[in-house]
Amino acid sequence: MSSLLDALNPEQLQAVTLPSQHALILAGAGSGKTRVLTTRIAWLIQTGNVSPSGVLAVTFTNKAAKEMLTRISAMLPISTRGMWIGTFHGLCNRMLRAHHRDAALPQAFQILDSQDQLAAVKRTLKALNIDEDRFQPRQVQWFINDHKEEGRRPKDVADANDEFGRRALQVYAAYDEQCQKEGVVDFPELLLRCYELLQRNEPLRAHYQARFRHILVDEFQDTNRLQYQWLKQLAGAGAALFAVGDDDQSIYRFRGANVGNMADFEREFHVPNVIRLEQNYRSHGNILDAANALISHNRKRLGKNLWTAAGEGEPLWVYEAQTDGYEASWIAEEVQSLLADGRAGRDIAILYRSNAQSRVIEHALFSQGIPYRVYGGLRFFERQEVKHALAYLRLLANPNDDAAFLRVVNFPARGIGARSVEALQDAARAADTSLWQAAARLSGKSAASVGAFVKLVTALREATQGLPLPEVVAHVIDASGLIGHYQAEREGADRVENLNELVNAAAAFVQDDAYVAQFVADAAESPAAPADPLSAFLSHAALESGENQAAEGADAIQMMTMHSAKGLEFHVVFISGLEEGLFPHEQSFVEEDGLEEERRLMYVAITRARTRLYLSYAQTRLLHGQTRYNLPSRFLDELPKGVLKWLTPQLGRALGERAWRAEEPPAHLNRAARSSPSRLPFRVGQNVVHPKFGQGVIVNAEGSGTDARVQINFGPQGMKWLQLEYAKLTAA
DNA sequence: CTCTAAGAGATTTTT
DNA sequence: TCTCTTAGAG
């Protein structure tokens, strides 16, 4: 047992060996959070504090859950089968499957992903005759999810006094009713339904409360209201809740995360143990100094300061480029020399605030022949052809799934036009049935073609009865005509390949130990729970959308948004686009506490780096087809001067003289400047200071002499046109 | 049904 | 500027 604890520092050790009480672990970036969490579980089991089946550990991503499982298995000689380790959604799904009857769900209920949900919302809008232009489906979807995540059903939503609120509520009610009818649930519904199940079903609640003696939560700062309520409920009968999180790394408020849960937890549970993990094992001192200094500008913090036993290391390298294109080529060159020095591509990450920024950088890397990998984008199970195949499979499992029905009723094309579908929808609405049921008893003109579809699905179901899952999938993609359709298409080769890959995914799935384990566990939990590999696979497809990109093997530079970088670490990190308006994003200026969230994002970005960190920005950036002149990000000013090493002459802010101006930008890059009247003492792109508005950049100019006016971007102070004759401008 | 053209919109993301 | 969605023509 001692070997388990050997490598821990005093705080980690304390956290791991806490008595069976509530605990809040404030774990800074790189402080060994996952290690503490997993060692805690192993320690609890090994010391006999709890049996594996008494453990519930919950994460946000499948990746994190898998990682946890792997690490625990490595530490313990026992099987992890009895443990409930997974994502919030995964665990709720599991519980709902085991007790579907009590949750008023069909045995093979299907899960709608965000895409499916949006489509369903659109259908509801149409059914209610609501104008999509005035009431945007996305807004309505957001409205629905927001209420669900606060635990509110339509009846719990307060009457709105605005038109949108009233209509959206109407849609919410109709949408929920429709989902219930079809036997489908969206993501937030998984949580809410599970929460309500436990709330209403006293014996069931008591059962799980008695079972889970230790509940552990990862990334607690990212939990939303409902997730917190769910945890509270499960821990309600004396279980020990062990929450690990970092308020400084809370960057997901836009999707409902509520950092306040940390303070609420401490207060409501009278948490006797609050432990701070502040020793960082990842980064060199200068990097941590920068991170600490930056985050100290935030007011709302629980407080924490990272330190390291490693040396101070290199300074942070800062680069100012004239344009986004130059910034990108500089990055590419720097990367090139790192690679030449023997640094592996996978150790280097290029981070940016928004996906749109990746393009220029990709271009630069590409033209230098540097292999790179961009994260984010379509995942395997989100691909069109895969979704089509899944829709057929969903219909086999649950024919009342209208979303699946609509997706493939005429794909591949079989002559069922929009009007036939509409007629069918009307019939279904009138008879209050699913489309499938309406189709089955349809008569009239479109009966033939729709009938053929019904026959096809029925035939698929019969032909695959009793077959192993991979064979079911193989049969469906072929007999549905999907493969044939894409083979006939000019550029369909990749899609055919993906469809075949789906067969492999199914084969891998049924062999996966996690699946087998869950199946065994659920059968034990509720003998009534059916062994249905197809439904399980479909849940898996919805809950785990698969890898981001295929080319895994090759060594490549990692490119991603700062958000997706959370939880990762790299030897070398580039943070690009450090410009006011971009990062911090201009949207954050108007959001409540928006700047603090942006600053936390910067904090996350900085703390990804182990040994070397580059910071860069451009004076000029092409955005939405327009040249924008941005000020350097305020975050640069918030870093300690001593740890920064400028690779370019500083803007003259400190010097009072613009040494950098000595070097004229290439003419082709300076079109705006050339076109502005040359007599002006100022020019476009120049940094200036205004007594009232502070520092700004001239972005436009017109007129001459006493008429001369310039437009200046003062960052957060906004954009202003100023008459040169009166404005007391000085060069920055 | 498929193709083209015009229009809107353009943070951040997992499940 | 670019990309995605949707409306209308062929």
# chains A, B, ... in the order shown; residues from 1 in each chain; ligands from 1
$ closest_atom_pairs --of "chain A" --to "chain C" --cutoff "8 Å" --atoms "only C-alpha atoms (C1' of nucleotides)" --output "JSON lines"
{"residue": "A:Leu623", "atom": "CA", "partner": "C:DT1", "partner_atom": "C1'", "distance": 7.6}
{"residue": "A:His624", "atom": "CA", "partner": "C:DT1", "partner_atom": "C1'", "distance": 5.3}
{"residue": "A:Gly625", "atom": "CA", "partner": "C:DT1", "partner_atom": "C1'", "distance": 3.6}
{"residue": "A:Gln626", "atom": "CA", "partner": "C:DT1", "partner_atom": "C1'", "distance": 7.4}
$ closest_atom_pairs --of "chain A" --to "chain B" --cutoff "9 Å" --atoms "only C-alpha atoms (C1' of nucleotides)" --output "tab-separated table"
residue	atom	partner	partner_atom	distance
A:Phe60	CA	B:DT14	C1'	7.1
A:Thr61	CA	B:DT14	C1'	6.6
A:Asn62	CA	B:DT15	C1'	9.0
A:Thr87	CA	B:DT15	C1'	8.1
A:Phe88	CA	B:DT15	C1'	8.2
A:His89	CA	B:DT15	C1'	6.1
A:Gly90	CA	B:DT15	C1'	8.2
A:Asp113	CA	B:DT15	C1'	7.9
A:Ser114	CA	B:DT15	C1'	8.9
A:Phe187	CA	B:DT15	C1'	6.1
A:Pro188	CA	B:DT15	C1'	8.4
A:Ile251	CA	B:DT12	C1'	8.3
A:Tyr252	CA	B:DT12	C1'	7.8
A:Phe254	CA	B:DT12	C1'	7.9
A:Arg255	CA	B:DT13	C1'	7.7
A:Arg353	CA	B:DT12	C1'	7.4
A:Ser354	CA	B:DT11	C1'	6.0
A:Asn355	CA	B:DT11	C1'	8.6
A:Ala356	CA	B:DA10	C1'	8.9
A:Ala413	CA	B:DC1	C1'	8.4
A:Gly415	CA	B:DC1	C1'	8.7
A:Gly417	CA	B:DC1	C1'	8.5
A:Ala542	CA	B:DT15	C1'	8.1
A:Leu543	CA	B:DT15	C1'	5.7
A:Glu544	CA	B:DT15	C1'	7.5
A:Ser545	CA	B:DT15	C1'	8.8
A:Thr561	CA	B:DT12	C1'	8.0
A:Met562	CA	B:DT12	C1'	8.3
A:His563	CA	B:DT12	C1'	6.4
A:Ser564	CA	B:DT13	C1'	8.0
A:Leu582	CA	B:DT11	C1'	9.0
A:His585	CA	B:DT11	C1'	7.2
A:Gln587	CA	B:DT11	C1'	7.7
A:His624	CA	B:DA10	C1'	7.2
$ atom_distance --atom1 "atom CA of A:Asp494" --atom2 "atom CA of A:Ala389"
14.5 Å
$ select_by_dssp --residues "stretch 368-509 of chain A" --states "helix (DSSP H, G or I)" --output "NGL selection string"
:A and (380-382 or 384-397 or 402-408 or 418-431 or 435-440 or 447-464 or 469-479 or 482-488 or 493-509)
$ residues_around --residues "A:Leu534" --least-positions-apart "2" --cutoff "8 Å" --atoms "only C-alpha atoms (C1' of nucleotides)" --output "short mmCIF file (atom, residue, chain, number, x, y, z; two decimals) with N, CA, C and O atoms, in the first residue's frame"
data_model
loop_
_atom_site.label_atom_id
_atom_site.label_comp_id
_atom_site.auth_asym_id
_atom_site.auth_seq_id
_atom_site.Cartn_x
_atom_site.Cartn_y
_atom_site.Cartn_z
N LEU A 393 -30.19 2.25 -38.12
CA LEU A 393 -30.05 1.39 -36.95
C LEU A 393 -31.01 1.81 -35.84
O LEU A 393 -31.59 0.98 -35.14
N ALA A 397 -34.05 -0.25 -33.80
CA ALA A 397 -34.19 -0.33 -32.35
C ALA A 397 -35.50 0.28 -31.88
O ALA A 397 -36.14 -0.21 -30.95
N LEU A 469 -23.81 -7.81 -33.46
CA LEU A 469 -23.89 -6.40 -33.81
C LEU A 469 -23.11 -5.97 -35.06
O LEU A 469 -23.67 -5.30 -35.93
N ASP A 532 -29.24 -5.52 -24.79
CA ASP A 532 -29.50 -5.05 -26.13
C ASP A 532 -28.27 -4.34 -26.67
O ASP A 532 -28.11 -3.14 -26.47
N ALA A 536 -27.26 -0.20 -26.89
CA ALA A 536 -26.06 0.23 -26.18
C ALA A 536 -25.09 0.90 -27.14
O ALA A 536 -24.49 1.93 -26.83
N PHE A 537 -24.97 0.33 -28.31
CA PHE A 537 -24.06 0.91 -29.30
C PHE A 537 -24.54 2.28 -29.76
O PHE A 537 -23.75 3.21 -29.93
N LEU A 538 -25.84 2.41 -29.93
CA LEU A 538 -26.38 3.69 -30.36
C LEU A 538 -26.18 4.76 -29.29
O LEU A 538 -25.87 5.91 -29.60
#
$ select_by_dssp --residues "stretch 413-574 of chain A" --states "strand (DSSP E)" --output "list in words"
Ile557, Gln558, Met559, Met560, Thr561, Phe570, His571, Val572, Val573 and Phe574 of chain A
$ write_last_selection --atoms "N, CA, C and O atoms" --output "tab-separated table (two decimals), in the first residue's frame"
chain	number	residue	atom	x	y	z
A	557	ILE	N	2.47	18.86	-35.46
A	557	ILE	CA	2.23	20.01	-34.59
A	557	ILE	C	0.76	20.01	-34.18
A	557	ILE	O	-0.11	19.72	-34.98
A	558	GLN	N	0.49	20.33	-32.94
A	558	GLN	CA	-0.88	20.32	-32.45
A	558	GLN	C	-1.47	21.72	-32.50
A	558	GLN	O	-0.91	22.65	-31.93
A	559	MET	N	-2.57	21.86	-33.19
A	559	MET	CA	-3.23	23.16	-33.27
A	559	MET	C	-4.63	23.06	-32.67
A	559	MET	O	-5.38	22.17	-33.01
A	560	MET	N	-4.95	23.99	-31.79
A	560	MET	CA	-6.28	23.93	-31.19
A	560	MET	C	-6.65	25.25	-30.52
A	560	MET	O	-5.78	26.12	-30.33
A	561	THR	N	-7.90	25.40	-30.18
A	561	THR	CA	-8.30	26.57	-29.42
A	561	THR	C	-7.80	26.41	-27.99
A	561	THR	O	-7.50	25.31	-27.55
A	570	PHE	N	2.16	20.65	-23.04
A	570	PHE	CA	3.11	20.55	-24.15
A	570	PHE	C	4.44	21.16	-23.72
A	570	PHE	O	4.47	22.07	-22.90
A	571	HIS	N	5.49	20.68	-24.32
A	571	HIS	CA	6.78	21.27	-24.00
A	571	HIS	C	6.83	22.71	-24.47
A	571	HIS	O	7.25	23.61	-23.76
A	572	VAL	N	6.38	22.92	-25.66
A	572	VAL	CA	6.41	24.26	-26.24
A	572	VAL	C	5.00	24.70	-26.61
A	572	VAL	O	4.25	23.95	-27.23
A	573	VAL	N	4.64	25.91	-26.20
A	573	VAL	CA	3.31	26.42	-26.52
A	573	VAL	C	3.42	27.80	-27.17
A	573	VAL	O	4.19	28.64	-26.71
A	574	PHE	N	2.67	27.99	-28.23
A	574	PHE	CA	2.52	29.31	-28.83
A	574	PHE	C	1.12	29.81	-28.50
A	574	PHE	O	0.13	29.10	-28.77
$ atom_distance --atom1 "atom CA of A:Glu312" --atom2 "atom CA of A:Ala556"
28.1 Å
$ residues_around --residues "A:Glu278" --least-positions-apart "3" --cutoff "8 Å" --atoms "only C-alpha atoms (C1' of nucleotides)" --output "PyMOL selection string"
chain A and resi 27-28+31+304-307
$ atom_distance --atom1 "atom CA of A:Lys720" --atom2 "atom CA of A:Glu591"
21.5 Å
$ residues_around --residues "stretch 47-56 of chain A" --least-positions-apart "5" --cutoff "6 Å" --atoms "only C-alpha atoms (C1' of nucleotides)" --output "CSV table (one decimal) with all heavy atoms, in the first residue's frame"
chain,number,residue,atom,x,y,z
A,82,GLY,N,-17.1,-3.2,-10.9
A,82,GLY,CA,-18.2,-2.8,-10.1
A,82,GLY,C,-18.3,-1.2,-9.9
A,82,GLY,O,-19.3,-0.7,-9.5
A,83,MET,N,-17.3,-0.6,-10.3
A,83,MET,CA,-17.3,0.9,-10.1
A,83,MET,C,-18.1,1.6,-11.1
A,83,MET,O,-18.1,1.2,-12.3
A,83,MET,CB,-15.8,1.4,-10.1
A,83,MET,CG,-15.0,1.0,-9.0
A,83,MET,SD,-13.4,1.8,-9.2
A,83,MET,CE,-12.4,0.3,-9.0
A,84,TRP,N,-18.7,2.7,-10.7
A,84,TRP,CA,-19.4,3.5,-11.7
A,84,TRP,C,-18.5,4.7,-11.9
A,84,TRP,O,-18.4,5.7,-11.2
A,84,TRP,CB,-20.7,4.0,-11.1
A,84,TRP,CG,-21.8,3.0,-11.3
A,84,TRP,CD1,-21.7,1.7,-11.0
A,84,TRP,CD2,-23.1,3.2,-11.7
A,84,TRP,NE1,-22.9,1.1,-11.3
A,84,TRP,CE2,-23.8,2.0,-11.7
A,84,TRP,CE3,-23.8,4.4,-12.2
A,84,TRP,CZ2,-25.1,1.9,-12.2
A,84,TRP,CZ3,-25.1,4.2,-12.6
A,84,TRP,CH2,-25.8,3.0,-12.6
A,85,ILE,N,-17.8,4.6,-13.0
A,85,ILE,CA,-16.9,5.7,-13.4
A,85,ILE,C,-17.3,6.1,-14.8
A,85,ILE,O,-17.3,5.3,-15.8
A,85,ILE,CB,-15.4,5.3,-13.4
A,85,ILE,CG1,-15.0,4.9,-12.0
A,85,ILE,CG2,-14.5,6.4,-14.0
A,85,ILE,CD1,-13.6,4.5,-11.9
A,211,ARG,N,-25.8,2.7,-1.7
A,211,ARG,CA,-24.8,2.0,-2.4
A,211,ARG,C,-23.5,2.8,-2.6
A,211,ARG,O,-22.4,2.4,-2.3
A,211,ARG,CB,-25.3,1.6,-3.8
A,211,ARG,CG,-24.1,1.1,-4.7
A,211,ARG,CD,-24.5,0.7,-6.1
A,211,ARG,NE,-23.3,0.4,-6.8
A,211,ARG,CZ,-23.3,-0.2,-7.9
A,211,ARG,NH1,-24.4,-0.6,-8.5
A,211,ARG,NH2,-22.1,-0.5,-8.5
A,212,PHE,N,-23.7,4.1,-3.1
A,212,PHE,CA,-22.5,4.9,-3.3
A,212,PHE,C,-22.0,5.6,-2.0
A,212,PHE,O,-22.6,6.6,-1.6
A,212,PHE,CB,-22.7,5.9,-4.4
A,212,PHE,CG,-23.1,5.2,-5.7
A,212,PHE,CD1,-24.3,5.5,-6.4
A,212,PHE,CD2,-22.2,4.3,-6.3
A,212,PHE,CE1,-24.6,4.9,-7.6
A,212,PHE,CE2,-22.5,3.7,-7.5
A,212,PHE,CZ,-23.7,4.0,-8.2
A,213,ARG,N,-21.0,5.1,-1.4
A,213,ARG,CA,-20.5,5.7,-0.2
A,213,ARG,C,-19.5,6.8,-0.5
A,213,ARG,O,-19.3,7.7,0.3
A,213,ARG,CB,-19.8,4.6,0.7
A,213,ARG,CG,-20.7,3.4,1.0
A,213,ARG,CD,-22.1,3.8,1.5
A,213,ARG,NE,-22.1,4.7,2.7
A,213,ARG,CZ,-23.0,5.5,2.9
A,213,ARG,NH1,-24.1,5.7,2.2
A,213,ARG,NH2,-22.9,6.3,4.0
A,214,HIS,N,-18.9,6.7,-1.6
A,214,HIS,CA,-17.9,7.7,-2.0
A,214,HIS,C,-18.1,8.2,-3.4
A,214,HIS,O,-18.1,7.4,-4.4
A,214,HIS,CB,-16.4,7.1,-1.9
A,214,HIS,CG,-15.9,7.0,-0.5
A,214,HIS,ND1,-15.3,8.1,0.1
A,214,HIS,CD2,-16.0,6.0,0.4
A,214,HIS,CE1,-15.0,7.7,1.3
A,214,HIS,NE2,-15.4,6.5,1.5
A,215,ILE,N,-18.4,9.5,-3.5
A,215,ILE,CA,-18.7,10.1,-4.8
A,215,ILE,C,-17.6,11.1,-5.0
A,215,ILE,O,-17.3,12.0,-4.2
A,215,ILE,CB,-20.0,10.8,-4.8
A,215,ILE,CG1,-21.1,9.8,-4.5
A,215,ILE,CG2,-20.3,11.5,-6.1
A,215,ILE,CD1,-22.5,10.4,-4.3
$ decode --residues "chain C" --atoms "N, CA, C and O atoms (P, O5', C5', C4', C3', O3' and C1' of nucleotides)" --output "PDB file, in the first residue's frame"
ATOM      1  P    DT C   1     -13.098  40.868 -50.367  1.00  0.00           P
ATOM      2  O5'  DT C   1     -12.460  39.560 -49.772  1.00  0.00           O
ATOM      3  C5'  DT C   1     -11.694  39.694 -48.570  1.00  0.00           C
ATOM      4  C4'  DT C   1     -11.871  38.419 -47.775  1.00  0.00           C
ATOM      5  C3'  DT C   1     -12.334  37.231 -48.600  1.00  0.00           C
ATOM      6  O3'  DT C   1     -11.583  36.113 -48.164  1.00  0.00           O
ATOM      7  C1'  DT C   1     -13.821  37.572 -46.804  1.00  0.00           C
ATOM      8  P    DC C   2     -11.550  34.872 -49.208  1.00  0.00           P
ATOM      9  O5'  DC C   2     -12.420  33.826 -48.391  1.00  0.00           O
ATOM     10  C5'  DC C   2     -12.057  33.517 -47.043  1.00  0.00           C
ATOM     11  C4'  DC C   2     -13.243  32.868 -46.363  1.00  0.00           C
ATOM     12  C3'  DC C   2     -13.878  31.735 -47.173  1.00  0.00           C
ATOM     13  O3'  DC C   2     -14.039  30.635 -46.317  1.00  0.00           O
ATOM     14  C1'  DC C   2     -15.524  33.198 -46.383  1.00  0.00           C
ATOM     15  P    DT C   3     -14.235  29.195 -46.930  1.00  0.00           P
ATOM     16  O5'  DT C   3     -15.017  28.492 -45.718  1.00  0.00           O
ATOM     17  C5'  DT C   3     -15.359  29.220 -44.550  1.00  0.00           C
ATOM     18  C4'  DT C   3     -16.825  29.026 -44.239  1.00  0.00           C
ATOM     19  C3'  DT C   3     -17.479  27.829 -44.929  1.00  0.00           C
ATOM     20  O3'  DT C   3     -18.248  27.136 -43.960  1.00  0.00           O
ATOM     21  C1'  DT C   3     -18.783  29.728 -45.264  1.00  0.00           C
ATOM     22  P    DC C   4     -18.573  25.601 -44.174  1.00  0.00           P
ATOM     23  O5'  DC C   4     -20.008  25.470 -43.501  1.00  0.00           O
ATOM     24  C5'  DC C   4     -20.378  26.338 -42.419  1.00  0.00           C
ATOM     25  C4'  DC C   4     -21.795  26.840 -42.640  1.00  0.00           C
ATOM     26  C3'  DC C   4     -22.776  25.780 -43.169  1.00  0.00           C
ATOM     27  O3'  DC C   4     -23.868  25.659 -42.285  1.00  0.00           O
ATOM     28  C1'  DC C   4     -22.976  27.806 -44.373  1.00  0.00           C
ATOM     29  P    DT C   5     -24.913  24.492 -42.536  1.00  0.00           P
ATOM     30  O5'  DT C   5     -26.288  25.247 -42.794  1.00  0.00           O
ATOM     31  C5'  DT C   5     -26.582  26.430 -42.073  1.00  0.00           C
ATOM     32  C4'  DT C   5     -27.662  27.195 -42.813  1.00  0.00           C
ATOM     33  C3'  DT C   5     -28.788  26.296 -43.346  1.00  0.00           C
ATOM     34  O3'  DT C   5     -30.029  26.787 -42.869  1.00  0.00           O
ATOM     35  C1'  DT C   5     -27.978  27.738 -45.055  1.00  0.00           C
ATOM     36  P    DT C   6     -31.359  25.944 -43.110  1.00  0.00           P
ATOM     37  O5'  DT C   6     -32.101  26.755 -44.259  1.00  0.00           O
ATOM     38  C5'  DT C   6     -32.245  28.170 -44.151  1.00  0.00           C
ATOM     39  C4'  DT C   6     -32.591  28.751 -45.513  1.00  0.00           C
ATOM     40  C3'  DT C   6     -33.767  28.054 -46.217  1.00  0.00           C
ATOM     41  O3'  DT C   6     -34.597  29.059 -46.786  1.00  0.00           O
ATOM     42  C1'  DT C   6     -31.947  28.182 -47.661  1.00  0.00           C
ATOM     43  P    DA C   7     -36.157  28.783 -46.862  1.00  0.00           P
ATOM     44  O5'  DA C   7     -36.542  29.554 -48.202  1.00  0.00           O
ATOM     45  C5'  DA C   7     -35.985  30.839 -48.459  1.00  0.00           C
ATOM     46  C4'  DA C   7     -35.781  31.015 -49.958  1.00  0.00           C
ATOM     47  C3'  DA C   7     -36.945  30.508 -50.823  1.00  0.00           C
ATOM     48  O3'  DA C   7     -37.301  31.546 -51.741  1.00  0.00           O
ATOM     49  C1'  DA C   7     -34.888  29.609 -51.589  1.00  0.00           C
ATOM     50  P    DG C   8     -38.591  31.413 -52.622  1.00  0.00           P
ATOM     51  O5'  DG C   8     -37.984  31.042 -54.049  1.00  0.00           O
ATOM     52  C5'  DG C   8     -37.167  31.988 -54.731  1.00  0.00           C
ATOM     53  C4'  DG C   8     -36.548  31.340 -55.946  1.00  0.00           C
ATOM     54  C3'  DG C   8     -37.572  30.722 -56.917  1.00  0.00           C
ATOM     55  O3'  DG C   8     -37.261  31.166 -58.235  1.00  0.00           O
ATOM     56  C1'  DG C   8     -35.877  29.155 -56.389  1.00  0.00           C
ATOM     57  P    DA C   9     -38.283  30.885 -59.396  1.00  0.00           P
ATOM     58  O5'  DA C   9     -37.313  30.243 -60.479  1.00  0.00           O
ATOM     59  C5'  DA C   9     -36.030  30.827 -60.720  1.00  0.00           C
ATOM     60  C4'  DA C   9     -35.119  29.824 -61.401  1.00  0.00           C
ATOM     61  C3'  DA C   9     -35.718  29.167 -62.649  1.00  0.00           C
ATOM     62  O3'  DA C   9     -34.721  29.108 -63.650  1.00  0.00           O
ATOM     63  C1'  DA C   9     -35.076  27.502 -61.101  1.00  0.00           C
ATOM     64  P    DG C  10     -35.115  28.761 -65.113  1.00  0.00           P
ATOM     65  O5'  DG C  10     -34.551  27.288 -65.264  1.00  0.00           O
ATOM     66  C5'  DG C  10     -33.144  27.051 -65.152  1.00  0.00           C
ATOM     67  C4'  DG C  10     -32.921  25.566 -65.176  1.00  0.00           C
ATOM     68  C3'  DG C  10     -33.590  24.846 -66.351  1.00  0.00           C
ATOM     69  O3'  DG C  10     -32.672  23.927 -66.914  1.00  0.00           O
ATOM     70  C1'  DG C  10     -34.235  23.840 -64.325  1.00  0.00           C
TER      71       DG C  10
END
